[in-house]
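Peer 1: Next comes coords-v3.cif, mmCIF, C-alpha atoms and all ligand atoms:
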```cif
data_start
loop_
_atom_site.label_atom_id
_atom_site.label_comp_id
_atom_site.auth_asym_id
_atom_site.auth_seq_id
_atom_site.Cartn_x
_atom_site.Cartn_y
_atom_site.Cartn_z
CA MET A 89 105.74 111.37 123.28
CA LYS A 90 107.63 108.22 124.23
CA GLU A 91 111.40 108.52 124.62
CA SER A 92 111.83 105.64 122.14
CA LEU A 93 110.67 108.02 119.37
CA LEU A 94 113.99 109.89 119.61
CA GLN A 95 115.87 107.19 117.63
CA TYR A 96 113.80 108.04 114.51
CA LEU A 97 113.94 111.85 114.74
CA ALA A 98 116.21 114.21 112.79
CA CYS A 99 116.14 117.98 112.46
CA PRO A 100 113.86 118.94 109.53
CA SER A 101 116.20 121.84 108.66
CA CYS A 102 119.68 120.27 108.78
CA GLY A 103 119.16 116.54 109.45
CA ALA A 104 121.22 116.50 112.67
CA GLU A 105 120.25 114.55 115.84
CA LEU A 106 117.75 116.08 118.27
CA SER A 107 118.05 115.96 122.04
CA LEU A 108 115.44 116.28 124.79
CA ASN A 109 115.43 119.18 127.26
CA ASN A 110 113.23 120.41 130.12
CA THR A 111 110.91 117.42 129.96
CA GLU A 112 107.87 116.76 132.14
CA HIS A 113 106.67 113.16 132.36
CA ASP A 114 103.40 111.38 133.03
CA GLY A 115 104.39 107.73 133.40
CA ARG A 116 106.25 106.73 130.20
CA GLU A 117 104.87 109.75 128.32
CA ILE A 118 106.80 113.00 127.91
CA VAL A 119 103.94 115.50 128.06
CA SER A 120 105.96 118.67 127.58
CA GLY A 121 109.49 119.79 126.84
CA GLU A 122 111.75 120.77 124.00
CA LEU A 123 113.63 118.99 121.23
CA ARG A 124 116.84 120.82 120.31
CA CYS A 125 118.93 120.27 117.19
CA GLY A 126 122.61 119.49 117.80
CA GLY A 127 123.47 121.05 114.41
CA CYS A 128 121.60 124.29 113.67
CA ARG A 129 120.28 124.65 117.27
CA SER A 130 116.62 124.96 116.15
CA ALA A 131 114.18 124.16 118.96
CA PHE A 132 110.83 122.37 118.67
CA GLN A 133 108.19 122.18 121.40
CA ILE A 134 106.54 119.09 122.84
CA ARG A 135 103.02 120.12 123.86
CA SER A 136 100.23 117.90 125.27
CA GLY A 137 102.42 114.86 124.58
CA VAL A 138 103.02 115.65 120.87
CA PRO A 139 106.25 117.00 119.29
CA ARG A 140 105.36 120.01 117.13
CA PHE A 141 107.27 120.63 113.90
CA ALA A 142 104.51 122.21 111.77
CA ASP A 143 105.04 125.73 110.57
CA PHE A 144 102.29 127.48 108.58
CA LYS A 145 103.97 130.88 108.43
CA HIS A 146 104.58 130.90 104.68
CA ASP A 147 101.67 129.03 103.15
CA GLU A 148 98.04 130.09 103.34
CA ALA A 149 96.66 126.99 101.54
CA GLN A 150 98.48 124.68 103.98
CA ARG A 151 97.12 126.67 106.92
CA ALA A 152 93.53 126.46 105.62
CA THR A 153 93.88 122.72 104.93
CA ALA A 154 95.25 122.09 108.41
CA GLU A 155 92.55 124.23 110.03
CA ASN A 156 89.63 122.48 108.29
CA PHE A 157 90.92 118.93 108.70
CA GLY A 158 92.00 119.61 112.27
CA ALA A 159 88.44 120.67 113.11
CA GLU A 160 86.99 117.69 111.22
CA TRP A 161 89.01 115.07 113.08
CA LEU A 162 88.36 116.65 116.48
CA ILE A 163 84.60 116.33 115.75
CA PHE A 164 84.64 112.88 114.12
CA ASP A 165 87.25 111.54 116.52
CA GLN A 166 85.95 108.02 117.26
CA VAL A 167 87.77 104.86 116.18
CA GLN A 168 85.19 102.24 115.14
CA GLU A 169 85.19 98.55 114.31
CA HIS A 170 84.50 98.89 110.57
CA HIS A 171 87.62 101.05 110.16
CA GLU A 172 89.79 97.91 110.14
CA GLU A 173 88.23 96.28 107.04
CA GLN A 174 88.06 99.64 105.32
CA PHE A 175 91.76 100.27 106.00
CA LEU A 176 92.78 96.81 104.74
CA ASP A 177 90.83 97.55 101.59
CA TRP A 178 92.74 100.83 101.09
CA ILE A 179 96.19 99.29 101.55
CA ALA A 180 95.64 95.89 99.85
CA PRO A 181 97.62 93.80 98.95
CA VAL A 182 99.29 94.80 102.24
CA THR A 183 97.95 92.61 105.07
CA ARG A 184 98.01 92.58 108.86
CA ASP A 185 100.94 90.13 108.82
CA PHE A 186 102.96 92.30 106.44
CA VAL A 187 103.51 95.01 109.08
CA ARG A 188 104.61 92.67 111.88
CA ASP A 189 108.01 93.77 113.31
CA LYS A 190 108.32 96.53 110.71
CA VAL A 191 109.03 100.21 111.32
CA VAL A 192 106.13 102.06 109.68
CA LEU A 193 105.42 105.68 108.72
CA GLU A 194 101.94 107.08 108.08
CA GLY A 195 101.77 110.31 106.06
CA GLY A 196 98.70 112.29 107.26
CA CYS A 197 97.31 110.20 110.12
CA GLY A 198 94.23 112.32 110.96
CA LYS A 199 92.67 110.94 114.16
CA GLY A 200 95.11 107.99 114.22
CA ARG A 201 92.58 105.26 113.35
CA HIS A 202 95.07 103.54 111.02
CA THR A 203 98.16 104.29 113.11
CA ARG A 204 96.46 102.47 115.98
CA LEU A 205 95.69 99.43 113.82
CA ILE A 206 99.28 99.18 112.59
CA GLY A 207 100.41 99.29 116.22
CA LEU A 208 97.92 96.56 117.20
CA TRP A 209 99.01 94.37 114.27
CA GLY A 210 102.51 94.13 115.78
CA ALA A 211 104.65 96.76 114.04
CA ARG A 212 107.94 97.29 115.85
CA ASP A 213 107.13 101.02 115.82
CA VAL A 214 104.70 103.16 113.84
CA ILE A 215 104.91 106.93 113.50
CA GLY A 216 101.83 108.89 112.41
CA ILE A 217 102.45 112.43 111.23
CA ASP A 218 99.82 115.07 110.48
CA LEU A 219 99.99 118.79 109.78
CA SER A 220 96.87 119.67 111.77
CA VAL A 221 95.65 119.61 115.37
CA ALA A 222 94.07 116.27 114.46
CA VAL A 223 97.24 115.01 116.19
CA GLU A 224 95.46 115.72 119.51
CA ALA A 225 92.80 113.13 118.62
CA ALA A 226 95.44 110.76 117.19
CA TYR A 227 97.44 111.02 120.40
CA ARG A 228 94.38 110.28 122.57
CA ASN A 229 93.47 107.31 120.33
CA THR A 230 96.94 105.71 120.45
CA LYS A 231 98.84 106.69 123.57
CA ASP A 232 98.07 103.40 125.34
CA LEU A 233 100.19 101.53 122.74
CA PRO A 234 103.95 101.62 123.46
CA ASN A 235 104.89 101.16 119.77
CA VAL A 236 102.77 104.08 118.42
CA HIS A 237 104.08 107.65 118.07
CA ILE A 238 102.33 110.81 116.85
CA ILE A 239 104.05 113.93 115.48
CA GLN A 240 102.65 117.22 114.17
CA ALA A 241 104.64 117.86 110.99
CA ASP A 242 104.41 118.68 107.31
CA ILE A 243 104.76 115.71 104.95
CA TYR A 244 107.14 117.81 102.81
CA ARG A 245 109.47 118.51 105.76
CA LEU A 246 109.55 115.39 107.86
CA PRO A 247 111.68 115.50 111.02
CA LEU A 248 112.65 111.87 110.44
CA LYS A 249 115.61 109.71 109.44
CA ARG A 250 115.48 107.24 106.56
CA ARG A 251 114.58 104.36 108.84
CA PHE A 252 111.25 102.97 107.62
CA ASP A 253 110.42 99.53 106.25
CA TYR A 254 107.01 100.65 105.06
CA ALA A 255 105.37 104.05 104.52
CA PHE A 256 101.75 104.60 103.54
CA SER A 257 99.23 107.36 103.06
CA VAL A 258 95.47 107.04 102.81
CA GLY A 259 93.35 109.91 101.47
CA VAL A 260 95.99 112.60 102.00
CA LEU A 261 98.15 113.11 98.92
CA HIS A 262 95.28 114.47 96.76
CA HIS A 263 94.78 117.24 99.37
CA LEU A 264 98.36 118.51 99.04
CA PRO A 265 99.34 121.43 96.79
CA ASP A 266 101.80 119.03 95.10
CA PRO A 267 100.51 115.44 95.52
CA ARG A 268 103.49 113.82 93.86
CA GLY A 269 105.90 115.79 96.08
CA GLY A 270 104.18 114.26 99.12
CA PHE A 271 104.59 110.76 97.70
CA ASP A 272 108.28 111.44 96.91
CA SER A 273 108.83 112.53 100.50
CA LEU A 274 107.47 109.19 101.78
CA VAL A 275 109.71 107.28 99.34
CA LYS A 276 112.73 109.24 100.60
CA HIS A 277 112.15 108.02 104.15
CA VAL A 278 111.90 104.32 103.28
CA LYS A 279 114.98 102.10 103.52
CA PRO A 280 116.24 100.28 100.40
CA GLY A 281 114.15 97.12 99.99
CA GLY A 282 111.14 98.65 101.80
CA SER A 283 107.63 99.43 100.52
CA VAL A 284 105.36 102.44 100.01
CA SER A 285 101.62 102.48 99.40
CA ALA A 286 99.07 105.19 98.70
CA TRP A 287 95.35 105.56 98.10
CA ILE A 288 94.14 108.59 96.18
CA TYR A 289 90.99 109.94 94.46
CA GLY A 290 90.77 108.99 90.79
CA ARG A 291 89.72 111.40 88.02
CA GLU A 292 88.07 108.62 86.00
CA ASN A 293 84.34 108.17 86.79
CA ASN A 294 84.39 111.27 89.04
CA GLY A 295 83.28 113.89 86.50
CA TRP A 296 80.16 114.64 88.57
CA ILE A 297 82.31 115.52 91.61
CA VAL A 298 84.77 117.58 89.57
CA HIS A 299 82.02 119.59 87.83
CA ILE A 300 79.32 119.84 90.51
CA ILE A 301 80.74 119.24 94.01
CA ASN A 302 84.18 120.83 93.51
CA PRO A 303 82.98 124.36 92.64
CA LEU A 304 80.62 124.23 95.64
CA ARG A 305 83.45 123.01 97.90
CA GLU A 306 86.09 125.45 96.64
CA HIS A 307 83.95 128.61 96.65
CA PHE A 308 81.53 127.96 99.50
CA THR A 309 81.62 124.98 101.85
CA SER A 310 85.41 124.88 102.57
CA LYS A 311 85.16 128.53 103.65
CA LEU A 312 82.40 127.95 106.23
CA PRO A 313 83.20 127.84 109.96
CA PRO A 314 83.72 124.14 110.88
CA ARG A 315 80.74 123.96 113.28
CA LEU A 316 78.38 125.43 110.69
CA LEU A 317 79.60 122.98 108.05
CA TYR A 318 79.03 120.17 110.55
CA PHE A 319 75.32 121.10 110.78
CA ILE A 320 74.87 121.93 107.07
CA SER A 321 76.43 118.61 106.00
CA TYR A 322 73.97 116.81 108.28
CA ILE A 323 71.13 117.38 105.79
CA PRO A 324 72.70 115.73 102.68
CA ALA A 325 74.12 113.04 105.00
CA VAL A 326 70.62 112.08 106.25
CA ILE A 327 69.28 111.94 102.65
CA LEU A 328 72.25 109.86 101.48
CA TYR A 329 71.95 107.51 104.47
CA VAL A 330 68.26 106.84 103.78
CA VAL A 331 68.97 106.12 100.07
CA LEU A 332 71.91 103.86 100.98
CA LYS A 333 69.87 101.78 103.42
CA LEU A 334 66.67 101.61 101.33
CA VAL A 335 68.18 101.20 97.85
CA TYR A 336 71.91 100.43 97.74
CA ALA A 337 72.17 97.97 100.65
CA PRO A 338 69.28 95.71 99.48
CA LEU A 339 70.42 95.77 95.81
CA ALA A 340 74.16 95.46 96.49
CA GLN A 341 74.23 91.67 95.99
CA THR A 342 71.74 91.55 93.09
CA GLY A 343 71.99 92.02 89.32
CA LEU A 344 70.07 95.31 89.68
CA LYS A 345 73.13 96.95 91.22
CA ARG A 346 74.47 97.80 87.76
CA TYR A 347 71.58 100.23 87.13
CA LEU A 348 72.46 102.33 90.18
CA PHE A 349 74.42 105.60 90.08
CA TYR A 350 78.05 105.33 91.32
CA ALA A 351 77.13 101.77 92.25
CA ASP A 352 80.42 100.25 93.42
CA TYR A 353 81.32 102.98 95.89
CA LEU A 354 77.82 103.69 97.22
CA SER A 355 77.05 99.97 97.66
CA TYR A 356 80.32 99.63 99.55
CA ILE A 357 79.54 102.45 102.01
CA SER A 358 75.88 101.37 102.40
CA GLN A 359 76.99 99.07 105.25
CA PHE A 360 78.42 101.96 107.31
CA PRO A 361 76.75 103.58 110.35
CA PHE A 362 75.28 107.09 110.07
CA VAL A 363 78.22 108.81 111.75
CA GLU A 364 80.56 107.49 109.02
CA ILE A 365 78.23 108.68 106.24
CA HIS A 366 78.04 112.10 107.86
CA HIS A 367 81.83 112.13 108.08
CA ILE A 368 82.23 111.15 104.39
CA VAL A 369 79.88 113.95 103.28
CA HIS A 370 81.64 116.44 105.55
CA ASP A 371 85.05 115.30 104.28
CA HIS A 372 84.05 115.98 100.66
CA LEU A 373 82.92 119.50 101.52
CA THR A 374 85.65 120.70 103.87
CA ALA A 375 88.95 120.35 101.95
CA PRO A 376 90.27 123.63 100.48
CA VAL A 377 92.42 121.57 98.04
CA ALA A 378 91.45 118.30 96.32
CA PHE A 379 92.91 116.85 93.13
CA TYR A 380 91.30 114.01 91.14
CA ILE A 381 94.14 112.06 89.59
CA ARG A 382 94.25 109.94 86.45
CA ARG A 383 95.90 106.52 86.41
CA GLU A 384 98.60 107.57 83.97
CA GLU A 385 99.62 110.44 86.23
CA PHE A 386 99.61 108.21 89.32
CA ALA A 387 101.75 105.63 87.47
CA ARG A 388 104.35 108.33 86.76
CA TRP A 389 104.88 108.80 90.53
CA PHE A 390 106.27 105.26 90.61
CA ASP A 391 108.63 105.97 87.76
CA VAL A 392 111.67 106.81 89.89
CA ASN A 393 114.94 104.96 90.24
CA GLU A 394 114.43 103.83 93.82
CA ILE A 395 111.29 101.87 92.88
CA GLU A 396 111.84 98.41 91.51
CA ARG A 397 108.25 97.10 91.26
CA ALA A 398 104.84 98.72 91.39
CA GLU A 399 101.25 97.60 91.24
CA ILE A 400 98.28 99.88 90.78
CA HIS A 401 94.65 98.88 91.36
CA TRP A 402 91.34 100.55 90.53
CA HIS A 403 89.35 100.76 93.77
CA ASN A 404 85.54 100.97 94.10
CA SER A 405 85.42 102.45 90.59
CA ASN A 406 86.42 105.86 91.93
CA SER A 407 90.00 105.81 93.23
CA TRP A 408 93.50 104.36 92.85
CA ARG A 409 95.65 102.44 95.23
CA GLY A 410 99.29 101.67 94.55
CA LEU A 411 102.04 99.68 96.20
CA ALA A 412 105.71 100.14 95.39
CA ARG A 413 108.66 98.02 96.42
CA LEU A 414 111.96 99.84 96.60
CA SER A 415 115.05 98.12 95.28
CA ALA A 416 117.46 96.76 97.86
CA SER A 417 120.38 98.76 96.39
CA SER A 418 120.66 101.82 94.20
CA ARG A 419 122.58 99.72 91.64
CA GLY A 420 119.68 97.27 91.47
CA ALA A 421 117.37 100.20 90.84
CA GLU A 422 119.19 101.16 87.68
CA THR A 423 119.20 97.70 86.13
CA ARG A 424 115.56 97.01 86.95
CA TYR A 425 114.26 100.39 85.89
CA ALA A 426 113.42 99.49 82.29
CA LYS A 427 111.65 96.28 83.34
CA ARG A 428 109.44 98.12 85.83
CA SER A 429 108.44 100.77 83.33
CA SER A 430 107.26 98.11 80.90
CA GLU A 431 105.33 96.33 83.72
CA LEU A 432 103.51 99.55 84.52
CA ALA A 433 102.72 100.23 80.88
CA GLN A 434 101.04 96.82 80.58
CA GLN A 435 98.70 97.28 83.58
C1 LIG B 1 91.15 113.09 104.59
S1 LIG B 1 92.29 113.19 105.91
C2 LIG B 1 92.88 111.50 106.02
C3 LIG B 1 93.42 111.14 107.39
C4 LIG B 1 93.79 109.67 107.60
N1 LIG B 1 94.74 109.20 106.63
C5 LIG B 1 92.55 108.79 107.59
O1 LIG B 1 92.22 108.24 106.53
O2 LIG B 1 91.92 108.65 108.63
C6 LIG B 1 93.66 114.08 105.26
C7 LIG B 1 94.71 114.44 106.33
O3 LIG B 1 95.87 114.97 105.70
C8 LIG B 1 96.43 115.95 106.56
N2 LIG B 1 97.34 116.80 105.79
C9 LIG B 1 97.03 117.73 104.85
N3 LIG B 1 98.14 118.34 104.39
C10 LIG B 1 99.19 117.77 105.05
C11 LIG B 1 100.60 117.97 105.02
N4 LIG B 1 101.17 118.90 104.23
N5 LIG B 1 101.38 117.23 105.84
C12 LIG B 1 100.82 116.29 106.66
N6 LIG B 1 99.49 116.06 106.74
C13 LIG B 1 98.68 116.79 105.94
C14 LIG B 1 95.19 116.67 107.08
O4 LIG B 1 95.48 117.42 108.24
C15 LIG B 1 94.23 115.50 107.31
O5 LIG B 1 94.29 115.02 108.62
ZN ZN B 2 119.11 121.46 112.67
#
```
Let me see whether you can do it: turn the structure in this file into structure tokens.
Ligand SMILES: C[S@@+](CC[C@H](N)C(=O)[O-])C[C@H]1O[C@@H](n2cnc3c(N)ncnc32)[C@H](O)[C@@H]1O
Ligand SMILES: [Zn+2]

Peer 2:
Amino acid sequence: MKESLLQYLACPSCGAELSLNNTEHDGREIVSGELRCGGCRSAFQIRSGVPRFADFKHDEAQRATAENFGAEWLIFDQVQEHHEEQFLDWIAPVTRDFVRDKVVLEGGCGKGRHTRLIGLWGARDVIGIDLSVAVEAAYRNTKDLPNVHIIQADIYRLPLKRRFDYAFSVGVLHHLPDPRGGFDSLVKHVKPGGSVSAWIYGRENNGWIVHIINPLREHFTSKLPPRLLYFISYIPAVILYVVLKLVYAPLAQTGLKRYLFYADYLSYISQFPFVEIHHIVHDHLTAPVAFYIRREEFARWFDVNEIERAEIHWHNSNSWRGLARLSASSRGAETRYAKRSSELAQQ
């Protein structure tokens, strides 16, 4: 942890300031120590360079989600070149320039591949939070950048002030027990006039996943030990990879693409290396919780007073991405509310 993170932190229980105690340093990094609340006196550990606020004591589903994703990101922990274009595609119309000099929050950062990019694109500071031990990989992948910070915390109970210009979440909210609650929590940490974006699985066009893959995932594969699932998922990943390279990649730019199954998404991933395909297959089999969300439901998340404008886009014919701009004042939010609702209805 870098000391500059302290300015953004607040106690997740009472909201008071936190102070540092008993710290051990390695250069500019605080590798261990304690954060103590000046209000309720709660204490939170800093271990292996990461402040730890996660608490799984009361929720079994959260614990299972954190355990499976933690294992996944420690196995598939590399940051690769193609992640940049893929990330831009998930957050569009947000661009590299948009984040320059902004204070940014990432809800569910996994191995930190996107947190790192936001740091490299010139954000003033970016904070990646994740519930799982994936934060160990995220910390390793980002600690060389002075403007990047990683925290282990629950998106519903963020140990953060309302200080962010932009908050985003990619592929996380649909794995929460209450996806909309996770989105609301991001909105609550963005300053008036700031922006929030999210990418989530769509329900439309995903009937085959809901009816065939989901029962397999819920009752069997998400319960397997992570190492075993790693090897089992290798087999469908090899088959998919061969089909992608022999069929989808050559036909992607031709008129024959429209005859292919799940053409937009599979053509898109046909350019990826094997390790990414293996990761995608593994990712679809490991999550204990996954919701597939319809557009109308997603649009309702944006129907809150703080949000002045929203745009929602259909992505790769299987998912939704949305960008919301918060109004600069709460008064502005009230007067613009009706206009925004009608904009959303027209899309
Ligand atoms: C599919 S991964 C996506 C990670 C990252 N956004 C990416 O695309 O590389 C979902 C992540 O959400 C995290 N997650 C799940 N529930 C969470 C919660 N309640 N609070 C914070 N993170 C959570 C998981 O630990 C996992 O790393
Ligand atoms: Zn407190």

Peer 1: Sort by chain and increasing residue number a table of all residues of chain A within 10 Å of ligand ZN 2 (chain B), each with its closest pair of atoms and their distance in Å to one decimal, counting only C-alpha atoms and all ligand atoms, and write it as a Markdown table.

Peer 2:
```
| residue | atom | partner | partner_atom | distance |
| --- | --- | --- | --- | --- |
| A:Ala98 | CA | B:ZN2 | ZN | 7.8 |
| A:Cys99 | CA | B:ZN2 | ZN | 4.6 |
| A:Pro100 | CA | B:ZN2 | ZN | 6.6 |
| A:Ser101 | CA | B:ZN2 | ZN | 5.0 |
| A:Cys102 | CA | B:ZN2 | ZN | 4.1 |
| A:Gly103 | CA | B:ZN2 | ZN | 5.9 |
| A:Ala104 | CA | B:ZN2 | ZN | 5.4 |
| A:Glu105 | CA | B:ZN2 | ZN | 7.7 |
| A:Leu106 | CA | B:ZN2 | ZN | 7.9 |
| A:Arg124 | CA | B:ZN2 | ZN | 8.0 |
| A:Cys125 | CA | B:ZN2 | ZN | 4.7 |
| A:Gly126 | CA | B:ZN2 | ZN | 6.5 |
| A:Gly127 | CA | B:ZN2 | ZN | 4.7 |
| A:Cys128 | CA | B:ZN2 | ZN | 3.9 |
| A:Arg129 | CA | B:ZN2 | ZN | 5.7 |
| A:Ser130 | CA | B:ZN2 | ZN | 5.5 |
| A:Ala131 | CA | B:ZN2 | ZN | 8.4 |
| A:Pro247 | CA | B:ZN2 | ZN | 9.7 |
```

Peer 1: Give me, as a Markdown table, each residue of chain A that comes within 7 Å of ligand LIG 1 (chain B), together with its shortest interatomic pair and the distance in Å at one decimal, counting only C-alpha atoms and all ligand atoms, with rows ordered by chain and rising residue number.

Peer 2:
```
| residue | atom | partner | partner_atom | distance |
| --- | --- | --- | --- | --- |
| A:Gln150 | CA | B:LIG1 | N3 | 6.4 |
| A:Thr153 | CA | B:LIG1 | C9 | 5.9 |
| A:Ala154 | CA | B:LIG1 | O4 | 4.7 |
| A:Phe157 | CA | B:LIG1 | O4 | 4.8 |
| A:Gly158 | CA | B:LIG1 | O4 | 5.8 |
| A:Trp161 | CA | B:LIG1 | O5 | 6.9 |
| A:Gly195 | CA | B:LIG1 | C12 | 6.1 |
| A:Gly196 | CA | B:LIG1 | N6 | 3.9 |
| A:Cys197 | CA | B:LIG1 | C4 | 4.4 |
| A:Gly198 | CA | B:LIG1 | O5 | 3.6 |
| A:Lys199 | CA | B:LIG1 | O2 | 6.0 |
| A:Gly200 | CA | B:LIG1 | O2 | 6.5 |
| A:Arg201 | CA | B:LIG1 | O2 | 5.8 |
| A:His202 | CA | B:LIG1 | O2 | 6.5 |
| A:Ile217 | CA | B:LIG1 | C12 | 6.2 |
| A:Asp218 | CA | B:LIG1 | N6 | 3.9 |
| A:Leu219 | CA | B:LIG1 | C12 | 4.1 |
| A:Ser220 | CA | B:LIG1 | O4 | 4.4 |
| A:Ala222 | CA | B:LIG1 | O5 | 6.0 |
| A:Ala241 | CA | B:LIG1 | C12 | 6.0 |
| A:Asp242 | CA | B:LIG1 | N5 | 3.7 |
| A:Ile243 | CA | B:LIG1 | N5 | 3.8 |
| A:Tyr244 | CA | B:LIG1 | N4 | 6.2 |
| A:Ser257 | CA | B:LIG1 | N1 | 6.0 |
| A:Val258 | CA | B:LIG1 | N1 | 4.4 |
| A:Gly259 | CA | B:LIG1 | C2 | 4.8 |
| A:Val260 | CA | B:LIG1 | C6 | 4.3 |
| A:His263 | CA | B:LIG1 | C9 | 5.9 |
| A:Leu264 | CA | B:LIG1 | N3 | 5.4 |
| A:Asp371 | CA | B:LIG1 | C1 | 6.5 |
```

Peer 1: Using all atoms listed in the file for the distances, tell me which of A:Arg409, A:Leu246, A:Val275, A:Ser136 is nearest to A:Arg228.

Peer 2: A:Ser136

Peer 1: Work out how far atom CA of A:Glu396 is from atom CA of A:Tyr380, in Å to one decimal.

Peer 2: 25.8 Å

Peer 1: If we count all atoms listed in the file and set the cut-off at 8 Å, which residues sit around A:Leu354, ignoring sequence neighbours fewer than 4 positions away in its own chain? Please answer as a PyMOL selection string.

Peer 2: chain A and resi 332+336+350+358

Peer 1: Env of stretch 326-330 of chain A: 10 Å cut, atoms = all atoms listed in the file, seq-sep filter 3 positions within chain, self excluded. Answer as number ranges by chain.

Peer 2: A: 321-323, 333-336, 354, 357-366, 369

Peer 1: Deliver the residues from the most recent selection as a file, using C-alpha atoms, as a tab-separated table (two decimals), in the frame of the given file.

Peer 2:
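The result, written out as selection-v4.tsv:
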```tsv
chain	number	residue	atom	x	y	z
A	321	SER	CA	76.43	118.61	106.00
A	322	TYR	CA	73.97	116.81	108.28
A	323	ILE	CA	71.13	117.38	105.79
A	333	LYS	CA	69.87	101.78	103.42
A	334	LEU	CA	66.67	101.61	101.33
A	335	VAL	CA	68.18	101.20	97.85
A	336	TYR	CA	71.91	100.43	97.74
A	354	LEU	CA	77.82	103.69	97.22
A	357	ILE	CA	79.54	102.45	102.01
A	358	SER	CA	75.88	101.37	102.40
A	359	GLN	CA	76.99	99.07	105.25
A	360	PHE	CA	78.42	101.96	107.31
A	361	PRO	CA	76.75	103.58	110.35
A	362	PHE	CA	75.28	107.09	110.07
A	363	VAL	CA	78.22	108.81	111.75
A	364	GLU	CA	80.56	107.49	109.02
A	365	ILE	CA	78.23	108.68	106.24
A	366	HIS	CA	78.04	112.10	107.86
A	369	VAL	CA	79.88	113.95	103.28
```

Peer 1: In Å, how far is it from atom CA of A:Ile400 to atom CA of A:Glu172?

Peer 2: 21.2 Å

Peer 1: In file coordinates, which residues lie within 9 Å of (110.3, 108.2, 123.8) using only C-alpha atoms, given as a PyMOL selection string?

Peer 2: chain A and resi 89-95+116-118+237

Peer 1: Do a neighbour search on stretch 278-285 of chain A at 8 Å with all atoms listed in the file, toss out local chain neighbours closer than 4 positions, and write the hits as a ChimeraX atom specification.

Peer 2: /A:179,250-257,274,394,409-418

Peer 1: Applying 10 Å and all atoms listed in the file, which residues near A:Ala149 remain after dropping the ones on its own chain fewer than 2 positions away? List them as a list in words.

Peer 2: Phe144, His146, Asp147, Arg151, Ala152, Thr153, Ala154, Glu155, Leu264, Pro265, Pro376 and Val377 of chain A
